[in-house]
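Chemist: Let me give you the structure first, and then I'll get to my questions.
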Amino acid sequence: MITVFVLLLMTGPQQEVTNTNTVFMDIDQCRYYAARLVQTWGNNGGNADLITARCIPRQAKIVLQ
């Protein structure tokens with residue numbers, strides 16, 4: 001088992017979770033993409049307060065072939 005980081009994107013006033021199916025091995029890389037998603041949302045006419053991105057650590061099993 002290894003630790004991976006799942007990128008969660010929460011949008012709207014109710015902070016509904018959008019499933020991105022994006023997993024990173026490095027927390028810094030996950031945080032970079034989380035910040036870019038929030039920044040891009042605010043720059044495209046959306047309200048930056050209505051989007052939140054988080055990197056959640058999870059345990060994953062890796063199968064080597």
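Naming scheme: A, B, ... for chains in displayed order of the structure tokens; residues 1 onward per chain; ligands 1 onward as shown.
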Can you check which residues of chain A DSSP gives as strand (DSSP E or B) on the backbone and send them as a count of residues only?
Modeler: 29
Chemist: Determine, counting only C-alpha atoms, which protein, DNA and RNA residues have an atom within 6 Å of an atom of segment 55-62 of chain A; residues of the same chain fewer than 2 positions away are not included. Present the result as a ChimeraX atom specification.
Modeler: /A:1-7
Chemist: Quick one: everything within 12 Å of Gln14 of chain A, counting only C-alpha atoms, minus sequence neighbours fewer than 2 positions away in the same chain. Send it as a list in words.
Modeler: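 In the requested form, the answer reads Met10, Thr11, Gly12, Glu16, Val17, Thr18, Asp49, Leu50, Ile51 and Thr52 of chain A.
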Chemist: Any chance you could list, as JSON, numbers by chain, the residues in chain A that come up alpha helix (DSSP H) when DSSP is run on the backbone?
Modeler: {"A": [27, 28, 29, 30, 31, 32, 33, 34, 35, 36, 37, 38, 39, 40, 41, 42, 43]}
Chemist: Could you work out how far atom CA of Met25 of chain A lies from atom CA of Gln39 of chain A, giving the answer in Å with one decimal?
Modeler: 22.3 Å
Chemist: Take atom CA of Leu37 of chain A and atom CA of Phe24 of chain A and report the distance between them in Å, one decimal.
Modeler: 15.0 Å
Chemist: Would you mind telling me which residue in A:Leu9, A:Gln15, A:Asn21, A:Val63 lies nearest to Arg36 of chain A when using only C-alpha atoms?
Modeler: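 Checking each of A:Leu9, A:Gln15, A:Asn21, A:Val63 against Arg36 of chain A, counting only C-alpha atoms, the winner is A:Leu9.
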Chemist: Could you tell me how far atom CA of Trp41 of chain A sits from atom CA of Asp26 of chain A, in Å to one decimal place?
Modeler: 23.1 Å
